[in-house]
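Asker: What follows is my_file_19.json; its format and atoms are JSON, C-alpha atoms and all ligand atoms.
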```json
[["chain", "number", "residue", "atom", "x", "y", "z"],
["A", 1, "MET", "CA", 65.18, 90.30, 91.69],
["A", 2, "SER", "CA", 68.37, 90.63, 93.69],
["A", 3, "LEU", "CA", 68.95, 93.66, 95.89],
["A", 4, "VAL", "CA", 71.80, 95.16, 93.85],
["A", 5, "SER", "CA", 71.46, 93.42, 90.49],
["A", 6, "ASN", "CA", 72.81, 95.49, 87.59],
["A", 7, "LYS", "CA", 74.94, 97.56, 89.95],
["A", 8, "ILE", "CA", 78.66, 98.14, 89.41],
["A", 9, "VAL", "CA", 80.36, 98.58, 92.76],
["A", 10, "VAL", "CA", 83.78, 100.01, 93.67],
["A", 11, "ILE", "CA", 85.20, 99.11, 97.10],
["A", 12, "THR", "CA", 88.51, 100.53, 98.33],
["A", 13, "GLY", "CA", 90.76, 98.49, 100.61],
["A", 14, "SER", "CA", 88.73, 95.41, 99.81],
["A", 15, "SER", "CA", 91.30, 92.66, 100.29],
["A", 16, "ARG", "CA", 90.51, 92.03, 103.96],
["A", 17, "GLY", "CA", 88.36, 93.04, 106.93],
["A", 18, "ILE", "CA", 85.27, 95.18, 106.37],
["A", 19, "GLY", "CA", 86.07, 95.82, 102.68],
["A", 20, "ARG", "CA", 86.29, 92.11, 102.01],
["A", 21, "GLY", "CA", 83.06, 91.54, 103.94],
["A", 22, "CYS", "CA", 81.35, 94.14, 101.74],
["A", 23, "ALA", "CA", 82.64, 92.50, 98.54],
["A", 24, "LEU", "CA", 81.19, 89.14, 99.62],
["A", 25, "GLU", "CA", 77.87, 90.71, 100.60],
["A", 26, "PHE", "CA", 77.54, 92.52, 97.25],
["A", 27, "ALA", "CA", 78.28, 89.22, 95.48],
["A", 28, "LYS", "CA", 75.63, 87.49, 97.59],
["A", 29, "HIS", "CA", 73.04, 90.13, 96.72],
["A", 30, "GLY", "CA", 73.65, 89.94, 92.98],
["A", 31, "ALA", "CA", 75.86, 92.90, 92.05],
["A", 32, "SER", "CA", 76.77, 92.55, 88.41],
["A", 33, "GLY", "CA", 80.32, 93.91, 88.59],
["A", 34, "LEU", "CA", 82.87, 94.58, 91.31],
["A", 35, "VAL", "CA", 85.88, 96.88, 91.08],
["A", 36, "LEU", "CA", 87.99, 95.67, 93.97],
["A", 37, "HIS", "CA", 90.73, 98.07, 94.95],
["A", 38, "TYR", "CA", 93.61, 96.88, 97.14],
["A", 39, "PHE", "CA", 96.92, 98.25, 98.42],
["A", 40, "GLY", "CA", 99.23, 96.19, 96.21],
["A", 41, "ASP", "CA", 101.98, 94.75, 98.41],
["A", 42, "ALA", "CA", 102.70, 91.00, 98.42],
["A", 43, "GLU", "CA", 100.27, 90.29, 101.25],
["A", 44, "THR", "CA", 97.28, 92.15, 99.78],
["A", 45, "GLU", "CA", 98.09, 90.74, 96.33],
["A", 46, "GLN", "CA", 97.61, 87.26, 97.76],
["A", 47, "GLU", "CA", 94.45, 88.29, 99.63],
["A", 48, "ILE", "CA", 92.80, 89.86, 96.58],
["A", 49, "THR", "CA", 93.65, 86.88, 94.35],
["A", 50, "SER", "CA", 91.88, 84.51, 96.71],
["A", 51, "LEU", "CA", 88.91, 86.89, 97.18],
["A", 52, "LYS", "CA", 88.47, 87.22, 93.41],
["A", 53, "ALA", "CA", 88.57, 83.44, 92.98],
["A", 54, "GLU", "CA", 85.99, 82.99, 95.76],
["A", 55, "ILE", "CA", 83.58, 85.55, 94.29],
["A", 56, "GLU", "CA", 83.93, 84.21, 90.75],
["A", 57, "ASN", "CA", 83.18, 80.65, 91.88],
["A", 58, "PRO", "CA", 79.63, 79.89, 90.70],
["A", 59, "ALA", "CA", 79.41, 77.03, 93.20],
["A", 60, "ILE", "CA", 79.51, 79.68, 95.96],
["A", 61, "TYR", "CA", 77.80, 82.59, 94.17],
["A", 62, "PRO", "CA", 75.47, 81.29, 91.46],
["A", 63, "GLN", "CA", 75.13, 84.77, 89.92],
["A", 64, "SER", "CA", 78.85, 85.52, 90.43],
["A", 65, "PRO", "CA", 79.67, 89.06, 89.47],
["A", 66, "LYS", "CA", 82.54, 89.86, 87.16],
["A", 67, "VAL", "CA", 85.49, 91.15, 89.19],
["A", 68, "VAL", "CA", 88.28, 93.52, 88.20],
["A", 69, "VAL", "CA", 91.05, 94.36, 90.68],
["A", 70, "VAL", "CA", 92.98, 97.64, 90.90],
["A", 71, "ALA", "CA", 96.11, 98.13, 93.02],
["A", 72, "GLY", "CA", 97.51, 101.31, 94.55],
["A", 73, "ASP", "CA", 98.05, 103.52, 97.55],
["A", 74, "ILE", "CA", 94.72, 105.32, 98.11],
["A", 75, "ALA", "CA", 96.64, 108.31, 99.54],
["A", 76, "ASP", "CA", 97.86, 108.97, 95.99],
["A", 77, "SER", "CA", 95.13, 110.62, 93.92],
["A", 78, "ALA", "CA", 96.37, 108.80, 90.81],
["A", 79, "THR", "CA", 95.03, 105.56, 92.33],
["A", 80, "SER", "CA", 91.49, 106.93, 92.29],
["A", 81, "THR", "CA", 91.85, 108.07, 88.69],
["A", 82, "LYS", "CA", 92.99, 104.53, 87.85],
["A", 83, "ILE", "CA", 90.07, 102.95, 89.75],
["A", 84, "VAL", "CA", 87.56, 104.95, 87.69],
["A", 85, "GLU", "CA", 89.40, 104.38, 84.39],
["A", 86, "ILE", "CA", 89.60, 100.62, 84.86],
["A", 87, "GLY", "CA", 86.08, 100.40, 86.27],
["A", 88, "VAL", "CA", 84.56, 102.28, 83.33],
["A", 89, "LYS", "CA", 86.70, 100.46, 80.76],
["A", 90, "THR", "CA", 85.53, 97.12, 82.16],
["A", 91, "PHE", "CA", 81.90, 97.87, 82.98],
["A", 92, "GLY", "CA", 80.96, 101.14, 81.26],
["A", 93, "ARG", "CA", 79.69, 102.82, 84.44],
["A", 94, "ILE", "CA", 79.92, 102.93, 88.24],
["A", 95, "ASP", "CA", 76.82, 102.85, 90.45],
["A", 96, "VAL", "CA", 78.26, 102.53, 93.95],
["A", 97, "VAL", "CA", 81.48, 103.44, 95.73],
["A", 98, "VAL", "CA", 82.36, 102.25, 99.21],
["A", 99, "SER", "CA", 85.24, 104.36, 100.51],
["A", 100, "ASN", "CA", 86.63, 101.93, 103.06],
["A", 101, "ALA", "CA", 90.45, 101.83, 102.99],
["A", 102, "GLY", "CA", 91.85, 103.10, 106.26],
["A", 103, "ILE", "CA", 94.48, 102.75, 108.96],
["A", 104, "CYS", "CA", 94.64, 103.30, 112.71],
["A", 105, "PRO", "CA", 98.17, 103.04, 114.04],
["A", 106, "PHE", "CA", 97.29, 103.32, 117.76],
["A", 107, "ALA", "CA", 99.67, 105.86, 119.35],
["A", 108, "GLU", "CA", 100.04, 108.28, 122.28],
["A", 109, "PHE", "CA", 99.10, 111.87, 121.43],
["A", 110, "LEU", "CA", 101.83, 113.81, 123.27],
["A", 111, "THR", "CA", 104.73, 111.99, 121.66],
["A", 112, "MET", "CA", 103.17, 111.22, 118.27],
["A", 113, "PRO", "CA", 105.58, 111.88, 115.41],
["A", 114, "HIS", "CA", 103.96, 114.18, 112.87],
["A", 115, "ALA", "CA", 104.62, 111.58, 110.20],
["A", 116, "ILE", "CA", 101.98, 109.30, 111.81],
["A", 117, "TRP", "CA", 99.42, 112.12, 111.80],
["A", 118, "GLU", "CA", 100.25, 112.95, 108.18],
["A", 119, "ARG", "CA", 100.01, 109.38, 106.94],
["A", 120, "THR", "CA", 96.77, 108.66, 108.83],
["A", 121, "ARG", "CA", 95.18, 111.80, 107.41],
["A", 122, "GLN", "CA", 96.48, 111.11, 103.91],
["A", 123, "VAL", "CA", 95.17, 107.53, 103.79],
["A", 124, "ASN", "CA", 91.87, 107.99, 105.62],
["A", 125, "LEU", "CA", 90.69, 111.47, 104.71],
["A", 126, "ASP", "CA", 92.60, 112.51, 101.57],
["A", 127, "GLY", "CA", 92.10, 109.01, 100.15],
["A", 128, "SER", "CA", 88.34, 109.19, 100.74],
["A", 129, "PHE", "CA", 88.15, 112.66, 99.19],
["A", 130, "PHE", "CA", 90.06, 111.53, 96.08],
["A", 131, "VAL", "CA", 88.02, 108.40, 95.40],
["A", 132, "VAL", "CA", 84.68, 110.03, 96.14],
["A", 133, "GLN", "CA", 85.49, 112.99, 93.88],
["A", 134, "ALA", "CA", 86.71, 110.78, 91.02],
["A", 135, "VAL", "CA", 83.73, 108.42, 91.18],
["A", 136, "ALA", "CA", 81.20, 111.24, 91.66],
["A", 137, "ASN", "CA", 82.36, 112.85, 88.40],
["A", 138, "GLN", "CA", 81.78, 109.56, 86.63],
["A", 139, "MET", "CA", 78.32, 109.21, 88.23],
["A", 140, "LYS", "CA", 77.44, 112.73, 87.12],
["A", 141, "ASN", "CA", 78.55, 112.15, 83.51],
["A", 142, "GLN", "CA", 77.06, 108.71, 82.87],
["A", 143, "THR", "CA", 73.62, 107.81, 81.50],
["A", 144, "PRO", "CA", 71.49, 107.13, 83.43],
["A", 145, "GLN", "CA", 73.00, 109.66, 85.77],
["A", 146, "GLY", "CA", 73.53, 108.99, 89.47],
["A", 147, "GLY", "CA", 74.80, 106.60, 92.10],
["A", 148, "SER", "CA", 75.34, 105.87, 95.76],
["A", 149, "ILE", "CA", 78.42, 106.91, 97.73],
["A", 150, "ILE", "CA", 79.10, 105.26, 101.07],
["A", 151, "GLY", "CA", 81.84, 106.57, 103.35],
["A", 152, "ILE", "CA", 83.09, 104.22, 106.05],
["A", 153, "SER", "CA", 83.37, 106.61, 108.96],
["A", 154, "SER", "CA", 83.26, 105.31, 112.55],
["A", 155, "ILE", "CA", 81.71, 105.54, 115.97],
["A", 156, "SER", "CA", 85.01, 107.39, 116.50],
["A", 157, "ALA", "CA", 83.56, 110.31, 114.56],
["A", 158, "LEU", "CA", 81.38, 110.85, 117.65],
["A", 159, "VAL", "CA", 83.58, 109.85, 120.59],
["A", 160, "GLY", "CA", 87.27, 110.05, 121.47],
["A", 161, "GLY", "CA", 90.03, 107.52, 121.95],
["A", 162, "GLU", "CA", 93.15, 107.94, 124.07],
["A", 163, "LEU", "CA", 95.40, 106.46, 121.38],
["A", 164, "GLN", "CA", 93.37, 107.80, 118.44],
["A", 165, "CYS", "CA", 93.89, 111.60, 118.45],
["A", 166, "HIS", "CA", 95.09, 111.36, 114.83],
["A", 167, "TYR", "CA", 92.44, 108.84, 113.72],
["A", 168, "THR", "CA", 89.16, 110.20, 115.13],
["A", 169, "PRO", "CA", 89.41, 113.56, 113.28],
["A", 170, "THR", "CA", 89.75, 111.68, 109.98],
["A", 171, "LYS", "CA", 86.60, 109.69, 110.72],
["A", 172, "ALA", "CA", 84.69, 112.85, 111.70],
["A", 173, "GLY", "CA", 85.99, 114.31, 108.44],
["A", 174, "ILE", "CA", 84.53, 111.44, 106.42],
["A", 175, "LEU", "CA", 81.14, 111.91, 108.09],
["A", 176, "SER", "CA", 81.27, 115.60, 107.20],
["A", 177, "LEU", "CA", 82.43, 114.81, 103.65],
["A", 178, "MET", "CA", 79.36, 112.61, 103.14],
["A", 179, "GLN", "CA", 77.04, 115.34, 104.43],
["A", 180, "SER", "CA", 78.46, 117.98, 102.10],
["A", 181, "CYS", "CA", 78.55, 115.56, 99.17],
["A", 182, "ALA", "CA", 74.84, 114.84, 99.74],
["A", 183, "VAL", "CA", 74.24, 118.58, 99.37],
["A", 184, "ALA", "CA", 76.59, 119.05, 96.41],
["A", 185, "LEU", "CA", 75.54, 115.98, 94.44],
["A", 186, "GLY", "CA", 71.82, 115.49, 95.03],
["A", 187, "LYS", "CA", 71.05, 117.42, 91.83],
["A", 188, "TYR", "CA", 72.89, 114.71, 89.89],
["A", 189, "ASN", "CA", 70.87, 111.92, 91.51],
["A", 190, "ILE", "CA", 73.90, 110.93, 93.60],
["A", 191, "ARG", "CA", 73.28, 109.93, 97.22],
["A", 192, "ALA", "CA", 76.01, 110.13, 99.88],
["A", 193, "ASN", "CA", 75.81, 108.48, 103.29],
["A", 194, "ALA", "CA", 78.11, 107.46, 106.10],
["A", 195, "ILE", "CA", 78.33, 104.16, 107.94],
["A", 196, "LEU", "CA", 79.73, 104.40, 111.46],
["A", 197, "PRO", "CA", 80.98, 100.98, 112.58],
["A", 198, "GLY", "CA", 81.51, 100.32, 116.28],
["A", 199, "THR", "CA", 84.32, 97.95, 117.23],
["A", 200, "ILE", "CA", 84.69, 95.26, 114.59],
["A", 201, "ALA", "CA", 87.33, 92.58, 115.10],
["A", 202, "THR", "CA", 89.72, 92.91, 112.15],
["A", 203, "ASP", "CA", 93.46, 93.30, 111.62],
["A", 204, "ILE", "CA", 93.21, 97.05, 112.28],
["A", 205, "ASN", "CA", 92.66, 96.48, 116.01],
["A", 206, "LYS", "CA", 94.09, 92.99, 116.53],
["A", 207, "GLU", "CA", 97.00, 94.27, 118.60],
["A", 208, "ASP", "CA", 94.90, 96.84, 120.49],
["A", 209, "LEU", "CA", 92.32, 94.22, 121.45],
["A", 210, "ALA", "CA", 94.99, 91.75, 122.53],
["A", 211, "ASP", "CA", 94.70, 93.73, 125.78],
["A", 212, "VAL", "CA", 92.20, 91.40, 127.46],
["A", 213, "VAL", "CA", 90.82, 94.01, 129.86],
["A", 214, "LYS", "CA", 90.21, 96.48, 127.03],
["A", 215, "ARG", "CA", 88.56, 93.81, 124.91],
["A", 216, "GLU", "CA", 86.29, 92.63, 127.74],
["A", 217, "ASN", "CA", 85.26, 96.20, 128.58],
["A", 218, "MET", "CA", 84.42, 96.79, 124.94],
["A", 219, "GLU", "CA", 82.36, 93.58, 124.77],
["A", 220, "LYS", "CA", 80.55, 94.41, 128.03],
["A", 221, "ARG", "CA", 79.64, 97.93, 126.87],
["A", 222, "THR", "CA", 78.21, 96.59, 123.60],
["A", 223, "CYS", "CA", 74.47, 95.93, 124.17],
["A", 224, "LEU", "CA", 74.56, 92.85, 121.96],
["A", 225, "GLY", "CA", 77.41, 91.48, 124.06],
["A", 226, "ARG", "CA", 80.00, 90.87, 121.35],
["A", 227, "LEU", "CA", 82.40, 92.67, 119.04],
["A", 228, "GLY", "CA", 81.27, 93.08, 115.45],
["A", 229, "VAL", "CA", 82.40, 91.05, 112.45],
["A", 230, "PRO", "CA", 82.75, 92.41, 108.90],
["A", 231, "SER", "CA", 79.40, 90.99, 107.72],
["A", 232, "ASP", "CA", 77.66, 93.07, 110.44],
["A", 233, "ILE", "CA", 78.77, 96.17, 108.54],
["A", 234, "ALA", "CA", 78.37, 94.77, 105.04],
["A", 235, "GLY", "CA", 74.56, 94.32, 105.30],
["A", 236, "PRO", "CA", 73.87, 98.00, 106.06],
["A", 237, "VAL", "CA", 76.37, 99.01, 103.34],
["A", 238, "VAL", "CA", 74.47, 96.95, 100.74],
["A", 239, "PHE", "CA", 71.20, 98.46, 101.98],
["A", 240, "LEU", "CA", 72.51, 102.01, 101.44],
["A", 241, "ALA", "CA", 73.80, 101.01, 98.00],
["A", 242, "SER", "CA", 70.47, 99.49, 97.01],
["A", 243, "ASP", "CA", 67.32, 101.14, 95.69],
["A", 244, "LEU", "CA", 65.63, 100.32, 99.02],
["A", 245, "ALA", "CA", 67.53, 103.39, 100.23],
["A", 246, "LYS", "CA", 66.61, 105.54, 97.24],
["A", 247, "TYR", "CA", 65.45, 108.47, 99.42],
["A", 248, "VAL", "CA", 68.31, 108.19, 101.94],
["A", 249, "THR", "CA", 71.03, 110.79, 101.53],
["A", 250, "GLY", "CA", 73.13, 112.82, 103.95],
["A", 251, "ALA", "CA", 72.40, 110.22, 106.60],
["A", 252, "SER", "CA", 74.71, 108.47, 109.00],
["A", 253, "LEU", "CA", 74.07, 104.98, 110.28],
["A", 254, "LEU", "CA", 75.74, 103.83, 113.47],
["A", 255, "VAL", "CA", 76.30, 100.06, 113.25],
["A", 256, "ASP", "CA", 77.81, 99.27, 116.63],
["A", 257, "GLY", "CA", 75.72, 96.64, 118.42],
["A", 258, "GLY", "CA", 74.64, 99.35, 120.87],
["A", 259, "LEU", "CA", 78.14, 100.42, 121.94],
["A", 260, "PHE", "CA", 77.47, 104.17, 121.77],
["A", 261, "VAL", "CA", 74.20, 104.39, 123.68],
["A", 262, "ASN", "CA", 75.31, 102.26, 126.60],
["A", 263, "LEU", "CA", 76.45, 104.84, 129.13],
["A", 264, "GLN", "CA", 74.97, 103.34, 132.31],
["B", 301, "LIG", "P1", 91.67, 96.22, 107.99],
["B", 301, "LIG", "O1", 93.02, 96.61, 108.45],
["B", 301, "LIG", "O2", 91.26, 94.80, 108.08],
["B", 301, "LIG", "O3", 91.42, 96.71, 106.50],
["B", 301, "LIG", "C1", 91.89, 97.92, 106.01],
["B", 301, "LIG", "C2", 91.99, 97.81, 104.50],
["B", 301, "LIG", "O4", 92.49, 99.05, 103.98],
["B", 301, "LIG", "C3", 92.99, 96.73, 104.07],
["B", 301, "LIG", "O5", 92.50, 96.04, 102.98],
["B", 301, "LIG", "C4", 94.23, 97.53, 103.71],
["B", 301, "LIG", "O6", 95.06, 96.89, 102.77],
["B", 301, "LIG", "C5", 93.59, 98.79, 103.13],
["B", 301, "LIG", "N1", 94.53, 99.91, 103.16],
["B", 301, "LIG", "C6", 95.18, 100.44, 104.22],
["B", 301, "LIG", "N2", 95.96, 101.45, 103.84],
["B", 301, "LIG", "C7", 95.81, 101.58, 102.50],
["B", 301, "LIG", "C8", 96.36, 102.45, 101.52],
["B", 301, "LIG", "N3", 97.23, 103.40, 101.85],
["B", 301, "LIG", "N4", 95.99, 102.29, 100.23],
["B", 301, "LIG", "C9", 95.12, 101.32, 99.89],
["B", 301, "LIG", "N5", 94.56, 100.47, 100.77],
["B", 301, "LIG", "C10", 94.90, 100.60, 102.05],
["B", 301, "LIG", "O7", 90.68, 97.13, 108.84],
["B", 301, "LIG", "P2", 89.08, 97.28, 108.80],
["B", 301, "LIG", "O8", 88.61, 97.21, 110.18],
["B", 301, "LIG", "O9", 88.49, 96.39, 107.78],
["B", 301, "LIG", "O10", 88.97, 98.81, 108.32],
["B", 301, "LIG", "C11", 88.25, 99.22, 107.19],
["B", 301, "LIG", "C12", 87.68, 100.60, 107.45],
["B", 301, "LIG", "O11", 86.74, 100.52, 108.50],
["B", 301, "LIG", "C13", 88.71, 101.66, 107.88],
["B", 301, "LIG", "O12", 88.44, 102.86, 107.22],
["B", 301, "LIG", "C14", 88.45, 101.81, 109.36],
["B", 301, "LIG", "O13", 88.78, 103.08, 109.83],
["B", 301, "LIG", "C15", 86.96, 101.56, 109.43],
["B", 301, "LIG", "N6", 86.49, 101.19, 110.74],
["B", 301, "LIG", "C16", 86.90, 100.05, 111.33],
["B", 301, "LIG", "C17", 86.44, 99.73, 112.59],
["B", 301, "LIG", "C18", 86.85, 98.49, 113.32],
["B", 301, "LIG", "O14", 86.57, 98.41, 114.51],
["B", 301, "LIG", "N7", 87.47, 97.53, 112.67],
["B", 301, "LIG", "C19", 85.55, 100.60, 113.23],
["B", 301, "LIG", "C20", 85.17, 101.76, 112.60],
["B", 301, "LIG", "C21", 85.63, 102.05, 111.33],
["B", 302, "LIG", "C1", 87.07, 102.29, 115.30],
["B", 302, "LIG", "C2", 86.85, 102.23, 116.79],
["B", 302, "LIG", "C3", 87.32, 100.91, 117.28],
["B", 302, "LIG", "C4", 88.75, 100.69, 116.86],
["B", 302, "LIG", "C5", 88.88, 100.86, 115.35],
["B", 302, "LIG", "C6", 90.31, 100.77, 114.89],
["B", 302, "LIG", "O1", 86.72, 103.48, 114.74],
["B", 302, "LIG", "O2", 87.58, 103.26, 117.43],
["B", 302, "LIG", "O3", 87.19, 100.80, 118.67],
["B", 302, "LIG", "O4", 89.14, 99.39, 117.21],
["B", 302, "LIG", "O5", 88.40, 102.09, 114.98]]
```
Take the structure I supplied and represent it as structure tokens, if you would.
Ligand code: NAD
Ligand code: RM4
Answerer:
Amino acid sequence: MSLVSNKIVVITGSSRGIGRGCALEFAKHGASGLVLHYFGDAETEQEITSLKAEIENPAIYPQSPKVVVVAGDIADSATSTKIVEIGVKTFGRIDVVVSNAGICPFAEFLTMPHAIWERTRQVNLDGSFFVVQAVANQMKNQTPQGGSIIGISSISALVGGELQCHYTPTKAGILSLMQSCAVALGKYNIRANAILPGTIATDINKEDLADVVKRENMEKRTCLGRLGVPSDIAGPVVFLASDLAKYVTGASLLVDGGLFVNLQ
């Protein structure tokens, strides 16, 4: 039997990067339905169309899951309501949510316009709260009751970044949200856990890591000697979603190739 067969999985911000990697990994491990949320501009529209086609291709994924896509700004709570409505209308239930959509507009602290702080908080933290709350209500009300919530936090929940004074508090907030959700939702058979990725090469940090010295320092500090790729995160996400992790809740899993522990 496949690791996540019969599971209906919601992933926010799934058109590229880590979200896309998670969608492919869930398809590989036999999820039966995917609710793929994306932002909804022309670029992400194109990305999600090609991702959906790839996942629904039985030549690539013999047990290809059915895919439904949902567009919208995750900072708007109406998007989360829509994700649940469409997910339940299509599949009847939701078993897993991966709250992944996020931004990190690298910027100096002292001169940061408040609009950047506001937007980063709205997308990363408010967006996670909205989708987790909407999906958790569905998980509570469905039969059989329950599910698995996975918040994509960050190594940056634990350590600082010179150009990330707006971003790191949102990632610490997601870690905390998962801990409290584990407490609040355990009685409904809902698990809540955080994944803390290290530095994963995606569009979010393409410009930041174009600084060769910064990139090399990051690679050198990582025990495994390389930056991460989305599939490095997707495996642990699928594990937490699966019944292999049925007694794991309120946990946080650092997936960073050994970046954090390597002080000297
Ligand atoms: P990415 O830029 O490749 O992907 C981000 C995704 O979020 C995209 O699909 C984007 O369209 C979507 N998104 C952004 N704003 C949105 C909005 N307002 N509404 C809906 N969707 C929106 O970056 P990534 O590295 O894949 O990041 C995914 C998550 O992983 C983020 O939460 C990020 O903080 C976290 N993370 C990334 C790293 C890393 O090093 N890449 C490390 C730790 C945590
Ligand atoms: C992560 C971590 C990485 C950075 C990304 C954007 O949380 O700080 O180093 O590249 O965010």
Asker: Skipping near chain neighbours, those fewer than 2 positions away, what residues fall within 10 Å of Val238 in chain A using all atoms listed in the file, listed as a PDB file with C-alpha atoms, keeping the file's coordinate frame?
Answerer:
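Dumped everything to result19.pdb:
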```pdb
ATOM      1  CA  LEU A   3      68.950  93.660  95.890  1.00  0.00           C
ATOM      2  CA  VAL A   4      71.800  95.160  93.850  1.00  0.00           C
ATOM      3  CA  CYS A  22      81.350  94.140 101.740  1.00  0.00           C
ATOM      4  CA  ALA A  23      82.640  92.500  98.540  1.00  0.00           C
ATOM      5  CA  GLU A  25      77.870  90.710 100.600  1.00  0.00           C
ATOM      6  CA  PHE A  26      77.540  92.520  97.250  1.00  0.00           C
ATOM      7  CA  HIS A  29      73.040  90.130  96.720  1.00  0.00           C
ATOM      8  CA  ALA A  31      75.860  92.900  92.050  1.00  0.00           C
ATOM      9  CA  VAL A  96      78.260 102.530  93.950  1.00  0.00           C
ATOM     10  CA  VAL A  98      82.360 102.250  99.210  1.00  0.00           C
ATOM     11  CA  ILE A 150      79.100 105.260 101.070  1.00  0.00           C
ATOM     12  CA  ILE A 233      78.770  96.170 108.540  1.00  0.00           C
ATOM     13  CA  ALA A 234      78.370  94.770 105.040  1.00  0.00           C
ATOM     14  CA  GLY A 235      74.560  94.320 105.300  1.00  0.00           C
ATOM     15  CA  PRO A 236      73.870  98.000 106.060  1.00  0.00           C
ATOM     16  CA  LEU A 240      72.510 102.010 101.440  1.00  0.00           C
ATOM     17  CA  ALA A 241      73.800 101.010  98.000  1.00  0.00           C
ATOM     18  CA  SER A 242      70.470  99.490  97.010  1.00  0.00           C
ATOM     19  CA  ASP A 243      67.320 101.140  95.690  1.00  0.00           C
ATOM     20  CA  LEU A 244      65.630 100.320  99.020  1.00  0.00           C
ATOM     21  CA  ALA A 245      67.530 103.390 100.230  1.00  0.00           C
TER      22      ALA A 245
END
```
Asker: Would you kindly return, as a list in words, each protein, DNA or RNA residue with an atom no farther than 9 Å from any atom of range 181-188 of chain A, considering all atoms listed in the file and excluding same-chain residues fewer than 3 positions away?
Answerer: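 Using all atoms listed in the file, the neighbours found are Val132, Ala136, Met139, Lys140, Asn141, Gln145, Gly146, Gly147, Ile149, Ser176, Leu177, Met178, Arg191, Ala192, Asn193, Thr249, Gly250 and Ala251 of chain A.
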Asker: Compile the contact shell of Leu227 in chain A as a PyMOL selection string: residues with an atom at most 12 Å away, counting all atoms listed in the file, same-chain residues fewer than 3 positions apart removed.
Answerer: chain A and resi 197-202+205-206+209+214-224+230-233+255-259
Asker: Quick one, how far is CA of Lys171 in chain A from atom C13 of ligand LIG 301 (chain B)?
Answerer: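 Between these atoms lies a distance of 8.8 Å.
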Asker: Once you count all atoms listed in the file, which residues end up no further than 6 Å from (73.9, 93.7, 88.5) in the file's frame, shown as a list in words?
Answerer: Val4, Ser5, Asn6, Lys7, Gly30, Ala31 and Ser32 of chain A
Asker: Please return as a tab-separated table (two decimals) with C-alpha atoms, keeping the file's coordinate frame the residues found within 6 Å of ligand LIG 301 (chain B), counting all atoms listed in the file.
Answerer:
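Now in result-v4.tsv:
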```tsv
chain	number	residue	atom	x	y	z
A	13	GLY	CA	90.76	98.49	100.61
A	14	SER	CA	88.73	95.41	99.81
A	15	SER	CA	91.30	92.66	100.29
A	16	ARG	CA	90.51	92.03	103.96
A	17	GLY	CA	88.36	93.04	106.93
A	18	ILE	CA	85.27	95.18	106.37
A	19	GLY	CA	86.07	95.82	102.68
A	38	TYR	CA	93.61	96.88	97.14
A	39	PHE	CA	96.92	98.25	98.42
A	72	GLY	CA	97.51	101.31	94.55
A	73	ASP	CA	98.05	103.52	97.55
A	74	ILE	CA	94.72	105.32	98.11
A	75	ALA	CA	96.64	108.31	99.54
A	100	ASN	CA	86.63	101.93	103.06
A	101	ALA	CA	90.45	101.83	102.99
A	102	GLY	CA	91.85	103.10	106.26
A	103	ILE	CA	94.48	102.75	108.96
A	123	VAL	CA	95.17	107.53	103.79
A	152	ILE	CA	83.09	104.22	106.05
A	153	SER	CA	83.37	106.61	108.96
A	154	SER	CA	83.26	105.31	112.55
A	197	PRO	CA	80.98	100.98	112.58
A	198	GLY	CA	81.51	100.32	116.28
A	199	THR	CA	84.32	97.95	117.23
A	200	ILE	CA	84.69	95.26	114.59
A	201	ALA	CA	87.33	92.58	115.10
A	202	THR	CA	89.72	92.91	112.15
A	203	ASP	CA	93.46	93.30	111.62
A	204	ILE	CA	93.21	97.05	112.28
```
Asker: With all atoms of ligand LIG 302 (chain B) from the file as input, state the centre and edge lengths in Å to one decimal of the axis-aligned box that has 4 Å extra on each side, as JSON.
Answerer:
```
{"center_x": 88.5, "center_y": 101.4, "center_z": 116.7, "size_x": 11.6, "size_y": 12.1, "size_z": 11.9}
```
Asker: Return the single residue from A:Ile174, A:Leu51, A:Val84, A:Ile8 that is closest to ligand LIG 302 (chain B), with distances computed using only C-alpha atoms and all ligand atoms.
Answerer: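 Residue with the minimum atom-to-atom distance to ligand LIG 302 (chain B): A:Ile174.
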Asker: Report, in Å to a single decimal, how far apart CA of Glu108 in chain A and CA of Gln164 in chain A are.
Answerer: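 Going from CA of Gln164 in chain A over to CA of Glu108 in chain A covers 7.7 Å.
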Asker: For CA of Ala115 in chain A and CA of Tyr167 in chain A, determine how far apart the two atoms are, in Å to one decimal place.
Answerer: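 For CA of Ala115 in chain A relative to CA of Tyr167 in chain A, the distance reads 13.0 Å.
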Asker: So which one's closest to ligand LIG 302 (chain B), A:Ala172, A:Ile94, A:Val88, A:Ile83? Using all atoms listed in the file, please.
Answerer: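 Closest to ligand LIG 302 (chain B), using all atoms listed in the file: A:Ala172.
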Asker: Nearest to Tyr61 in chain A among A:His37, A:Leu24, A:Val159, A:Gln46, with distances taken over only C-alpha atoms: which residue is it?
Answerer: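 That would be A:Leu24, the residue with the smallest distance to Tyr61 in chain A.
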Asker: Rank A:Val35, A:Ile190, A:Val237, A:Ala107 by their smallest atom-to-atom distance to ligand LIG 302 (chain B), using all atoms listed in the file, and report the top residue only.
Answerer: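 The closest residue to ligand LIG 302 (chain B) is A:Ala107.
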Asker: Compare A:Ser80, A:Thr170, A:Thr12, A:Thr90 by their minimum atom-to-atom distance to Gln133 in chain A, counting all atoms listed in the file, and give me the closest one.
Answerer: A:Ser80
Asker: In terms of the shortest atom-to-atom distance over only C-alpha atoms, which of A:Met112, A:Val213, A:Ala42, A:Leu34 is closest to Ile86 in chain A?
Answerer: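 Smallest separation from Ile86 in chain A among the options: A:Leu34.
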